[in-house]
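Pasting my_file.tsv here (TSV, C-alpha atoms):
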```
chain	number	residue	atom	x	y	z
A	1	MET	CA	160.23	135.63	157.54
A	2	ALA	CA	157.88	138.30	156.26
A	3	ASP	CA	159.03	141.84	155.59
A	4	LEU	CA	157.23	145.14	156.14
A	5	CYS	CA	155.64	146.04	152.81
A	6	ASP	CA	156.18	149.54	151.42
A	7	GLY	CA	152.81	149.34	149.66
A	8	CYS	CA	150.48	148.49	152.54
A	9	GLY	CA	152.54	148.52	155.75
A	10	ARG	CA	151.73	144.91	156.61
A	11	LEU	CA	154.10	142.02	157.12
A	12	HIS	CA	153.98	139.59	154.22
A	13	GLU	CA	156.12	137.94	151.59
A	14	ASP	CA	156.25	138.50	147.84
A	15	HIS	CA	154.15	141.15	146.07
A	16	CYS	CA	151.68	143.37	147.90
A	17	PRO	CA	148.13	141.97	147.85
A	18	ALA	CA	146.47	145.27	148.76
A	19	PRO	CA	148.62	148.38	148.25
A	20	VAL	CA	147.28	151.64	149.63
A	21	LEU	CA	147.55	154.02	146.70
A	22	GLU	CA	145.41	156.97	147.77
A	23	LEU	CA	145.27	159.22	150.79
A	24	PRO	CA	142.40	158.53	153.16
A	25	PRO	CA	139.38	160.83	152.82
A	26	GLY	CA	138.74	163.56	155.35
A	27	LEU	CA	142.25	164.90	155.82
A	28	VAL	CA	141.59	168.15	153.96
A	29	ASP	CA	138.48	170.32	153.69
A	30	ALA	CA	136.87	171.70	150.54
A	31	HIS	CA	139.30	174.65	150.56
A	32	GLY	CA	142.41	172.47	150.79
A	33	GLY	CA	143.05	173.15	154.47
A	34	LEU	CA	143.71	170.44	157.01
A	35	THR	CA	140.74	169.14	158.97
A	36	ALA	CA	141.11	168.21	162.66
A	37	VAL	CA	141.80	164.63	161.53
A	38	GLY	CA	144.32	165.85	158.95
A	39	ALA	CA	146.17	168.00	161.47
A	40	ALA	CA	146.42	165.16	164.00
A	41	VAL	CA	147.54	162.71	161.29
A	42	GLU	CA	150.17	165.16	159.98
A	43	ASP	CA	151.47	165.75	163.53
A	44	ALA	CA	151.62	161.99	164.14
A	45	ALA	CA	153.52	161.44	160.88
A	46	ASN	CA	155.99	164.14	161.92
A	47	TYR	CA	156.44	162.42	165.30
A	48	LEU	CA	157.07	159.11	163.48
A	49	THR	CA	159.74	160.85	161.43
A	50	MET	CA	161.37	162.31	164.55
A	51	ARG	CA	161.34	158.85	166.16
A	52	GLY	CA	163.09	157.36	163.14
A	53	TYR	CA	160.19	155.29	161.81
A	54	LEU	CA	159.69	157.31	158.64
A	55	ASP	CA	162.34	158.60	156.27
A	56	PRO	CA	162.97	162.29	156.96
A	57	ASP	CA	164.25	162.76	153.40
A	58	GLY	CA	161.14	161.36	151.76
A	59	ASP	CA	159.03	163.74	149.68
A	60	GLU	CA	155.72	162.48	151.03
A	61	PHE	CA	154.46	160.32	153.83
A	62	PRO	CA	153.39	156.87	152.59
A	63	ALA	CA	149.62	156.69	151.99
A	64	TRP	CA	149.33	153.53	154.10
A	65	VAL	CA	150.85	155.34	157.11
A	66	LEU	CA	148.39	158.21	156.80
A	67	ALA	CA	145.50	155.76	156.36
A	68	GLU	CA	146.46	153.83	159.50
A	69	LEU	CA	146.89	157.04	161.48
A	70	ALA	CA	143.47	158.26	160.32
A	71	GLU	CA	141.95	154.89	161.30
A	72	LEU	CA	143.49	155.17	164.77
A	73	TYR	CA	142.22	158.74	165.11
A	74	HIS	CA	138.68	157.67	164.20
A	75	ALA	CA	138.84	154.76	166.67
A	76	GLY	CA	139.18	157.38	169.42
A	77	ALA	CA	140.82	157.37	172.79
A	78	CYS	CA	141.54	154.13	174.59
A	79	GLU	CA	142.10	153.03	178.17
A	80	PHE	CA	145.77	154.09	178.01
A	81	CYS	CA	145.14	157.63	176.72
A	82	PRO	CA	141.61	158.64	177.71
A	83	GLY	CA	142.09	162.30	176.78
A	84	ALA	CA	142.13	163.95	173.39
A	85	LEU	CA	144.22	162.23	170.74
A	86	THR	CA	147.30	164.22	169.82
A	87	GLY	CA	149.95	163.61	167.20
A	88	SER	CA	152.20	162.10	169.84
A	89	THR	CA	149.60	159.66	171.18
A	90	LEU	CA	148.58	158.67	167.65
A	91	ALA	CA	152.25	157.96	166.86
A	92	ASP	CA	152.51	155.90	170.06
A	93	HIS	CA	149.43	153.86	169.10
A	94	PHE	CA	150.80	153.35	165.59
A	95	LEU	CA	154.18	152.15	166.84
A	96	THR	CA	152.53	149.85	169.39
A	97	ARG	CA	150.39	148.33	166.63
A	98	LYS	CA	153.45	147.76	164.42
A	99	GLN	CA	155.39	146.23	167.33
A	100	GLU	CA	152.52	143.83	168.05
A	101	GLU	CA	152.23	142.87	164.37
A	102	TYR	CA	155.95	142.12	164.32
A	103	GLU	CA	155.85	140.07	167.53
A	104	ARG	CA	152.89	138.03	166.26
A	105	SER	CA	154.78	137.30	163.02
A	106	ILE	CA	157.69	135.65	164.85
A	107	PRO	CA	157.31	131.88	164.56
A	108	THR	CA	157.17	129.78	167.69
A	109	TRP	CA	159.41	126.93	168.76
A	110	VAL	CA	158.08	124.26	171.09
A	111	CYS	CA	160.31	122.42	173.54
A	112	GLU	CA	159.76	118.69	173.92
A	113	CYS	CA	158.11	119.36	177.29
A	114	GLY	CA	155.48	121.57	175.66
A	115	TRP	CA	156.71	125.05	176.59
A	116	THR	CA	156.34	127.43	173.65
A	117	PHE	CA	158.95	130.06	172.88
A	118	LYS	CA	159.62	132.81	170.39
A	119	VAL	CA	163.28	132.86	169.40
A	120	LEU	CA	165.02	136.03	168.26
A	121	PRO	CA	168.55	136.44	166.93
A	122	ASP	CA	170.91	138.00	169.40
A	123	PRO	CA	174.37	139.44	168.63
A	124	ARG	CA	175.99	136.51	170.41
A	125	GLY	CA	173.43	133.78	169.63
A	126	GLU	CA	169.70	133.48	170.24
A	127	ALA	CA	167.30	134.86	172.84
A	128	TYR	CA	164.34	132.75	174.02
A	129	PHE	CA	161.14	134.48	175.07
A	130	ALA	CA	158.01	132.86	176.43
A	131	ALA	CA	155.24	132.93	173.81
A	132	ARG	CA	152.10	134.53	175.23
A	133	ALA	CA	148.63	133.24	174.35
A	134	ASP	CA	147.94	136.46	172.39
A	135	GLY	CA	150.96	135.81	170.15
A	136	LEU	CA	153.17	138.50	171.69
A	137	LEU	CA	156.57	138.09	173.28
A	138	GLY	CA	156.48	137.18	176.93
A	139	ASP	CA	159.30	137.29	179.44
A	140	LEU	CA	162.89	136.66	178.40
A	141	ILE	CA	163.63	133.11	179.52
A	142	GLY	CA	167.21	132.62	178.42
A	143	TYR	CA	169.90	132.53	175.78
A	144	ILE	CA	172.07	130.33	173.69
A	145	ARG	CA	175.50	131.95	173.39
A	146	LEU	CA	177.75	130.95	170.51
A	147	ASP	CA	181.52	131.19	170.13
A	148	SER	CA	183.08	133.83	167.89
A	149	THR	CA	182.80	131.55	164.84
A	150	ARG	CA	179.09	131.01	165.60
A	151	GLN	CA	179.73	127.27	165.18
A	152	LYS	CA	179.80	126.05	168.78
A	153	VAL	CA	177.64	126.66	171.81
A	154	LYS	CA	179.47	128.40	174.66
A	155	HIS	CA	176.46	128.62	176.97
A	156	SER	CA	172.85	127.54	176.91
A	157	ASP	CA	170.17	128.34	179.42
A	158	ALA	CA	167.58	125.73	180.28
A	159	CYS	CA	163.88	125.44	179.58
A	160	PRO	CA	161.98	126.16	182.79
A	161	GLY	CA	159.57	123.32	182.00
A	162	CYS	CA	162.01	120.42	181.72
A	163	THR	CA	165.33	122.02	182.81
A	164	ARG	CA	167.04	120.61	179.71
A	165	THR	CA	169.24	123.14	177.92
A	166	PHE	CA	167.85	124.74	174.80
A	167	ALA	CA	170.95	123.65	172.87
A	168	ASP	CA	170.58	119.96	173.83
A	169	THR	CA	166.89	119.96	172.93
A	170	ILE	CA	167.52	121.59	169.57
A	171	ALA	CA	170.42	119.23	168.83
A	172	GLY	CA	168.14	116.30	169.60
A	173	GLN	CA	165.43	117.64	167.31
A	174	LEU	CA	167.90	118.19	164.47
A	175	ASN	CA	169.93	114.99	164.86
A	176	PRO	CA	168.42	112.54	167.39
A	177	GLN	CA	171.39	110.15	167.11
A	178	GLN	CA	173.78	112.80	168.49
A	179	ALA	CA	171.53	114.19	171.20
A	180	LEU	CA	172.83	114.24	174.76
A	181	PHE	CA	170.34	112.65	177.11
```
Please re-express this file's structure in structure tokens.
Amino acid sequence: MADLCDGCGRLHEDHCPAPVLELPPGLVDAHGGLTAVGAAVEDAANYLTMRGYLDPDGDEFPAWVLAELAELYHAGACEFCPGALTGSTLADHFLTRKQEEYERSIPTWVCECGWTFKVLPDPRGEAYFAARADGLLGDLIGYIRLDSTRQKVKHSDACPGCTRTFADTIAGQLNPQQALF
């Protein structure tokens, strides 16, 4: 699975194909003071730090974070926040964008009946979410719960499409000779 890159802020594997090395233009004026964009971006970065997204001990905010915040500022208000963009709303938009990028990066699993799921690890097993057409997580459909050794299934919910348990379907896909039909 891809990781969040420190160089560009995107999810990908291996080395960064397009690191953001410089601050975006327009954050400071000719006298070194913050512009309206710069002030909103700085406020948003501070909100991201308070919300635990950015490292509070870091010397500087990553250039890619400031570039994305500036891009969001220039895109303007949206249907969810029609008023003036503040640091808090910019931080909200940023976090929503990152959440959507993450959800879209989760691979899908398709049941034999055709239902498509996104499967996430859960402390006691796996959680199965419906996969939406836009690539985001849909409703939580069910779980597979494992025993304390994580070797045996204690409980498995069923696919709403075929009512077969997730565990039986997966076992059949992995080893068809041992599947329970």
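Look at stretch 24-39 of chain A: the protein and nucleic acid residues within 8 Å of it, using all atoms listed in the file and passing over chain neighbours fewer than 3 places away, are Glu42, Asp43, Ala63, Leu66, Ala67, Ala70 and Tyr73 of chain A.
The nearest approach to A:Phe117 among the residues A:Gly161, A:Gly76, A:Gly87, A:Gly52, with only C-alpha atoms taken into account, belongs to A:Gly161.
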With distances taken over all atoms listed in the file, which residue among A:Leu85, A:Ala171, A:Ala91, A:Leu72 lies nearest A:Met50?
A:Ala91
Find the axis-aligned box for stretch 62-81 of chain A, covering all its listed atoms and adding 8 Å on each side, and write its centre and edge lengths in Å to one decimal as AutoDock Vina command-line options.
```
--center_x 146.0 --center_y 155.9 --center_z 165.1 --size_x 30.7 --size_y 21.7 --size_z 42.2
```
Residues within 12 Å of A:Gly114, please, as a ChimeraX atom specification. Count only C-alpha atoms; anything in the same chain fewer than 2 positions from it doesn't count.
/A:108-112,116-117,130-131,159-162,169
Requested write-out: C-alpha atoms of the selected residues, as a PDB file, in the frame of the given file:
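Final output, result_33.pdb:
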```pdb
ATOM      1  CA  THR A 108     157.170 129.780 167.690  1.00  0.00           C
ATOM      2  CA  TRP A 109     159.410 126.930 168.760  1.00  0.00           C
ATOM      3  CA  VAL A 110     158.080 124.260 171.090  1.00  0.00           C
ATOM      4  CA  CYS A 111     160.310 122.420 173.540  1.00  0.00           C
ATOM      5  CA  GLU A 112     159.760 118.690 173.920  1.00  0.00           C
ATOM      6  CA  THR A 116     156.340 127.430 173.650  1.00  0.00           C
ATOM      7  CA  PHE A 117     158.950 130.060 172.880  1.00  0.00           C
ATOM      8  CA  ALA A 130     158.010 132.860 176.430  1.00  0.00           C
ATOM      9  CA  ALA A 131     155.240 132.930 173.810  1.00  0.00           C
ATOM     10  CA  CYS A 159     163.880 125.440 179.580  1.00  0.00           C
ATOM     11  CA  PRO A 160     161.980 126.160 182.790  1.00  0.00           C
ATOM     12  CA  GLY A 161     159.570 123.320 182.000  1.00  0.00           C
ATOM     13  CA  CYS A 162     162.010 120.420 181.720  1.00  0.00           C
ATOM     14  CA  THR A 169     166.890 119.960 172.930  1.00  0.00           C
TER      15      THR A 169
END
```
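With only C-alpha atoms as the basis for measurement, A:Gly142 is the residue among A:Arg97, A:Phe166, A:Arg104, A:Gly142 that approaches A:Asp122 most closely.
Atom pair atom CA of A:Arg132 / atom CA of A:Val119: separated by 12.7 Å.
In this structure, atom CA of A:Gln151 sits 22.3 Å away from atom CA of A:Phe129.
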Can you work out the spacing between atom CA of A:Cys16 and atom CA of A:Ala133 in Å, to one decimal?
28.5 Å
Selection: 12 Å around A:Cys81, only C-alpha atoms, excl. self and same-chain fewer than 5 positions, as a PyMOL selection string:
chain A and resi 76+86+88-90+92-93
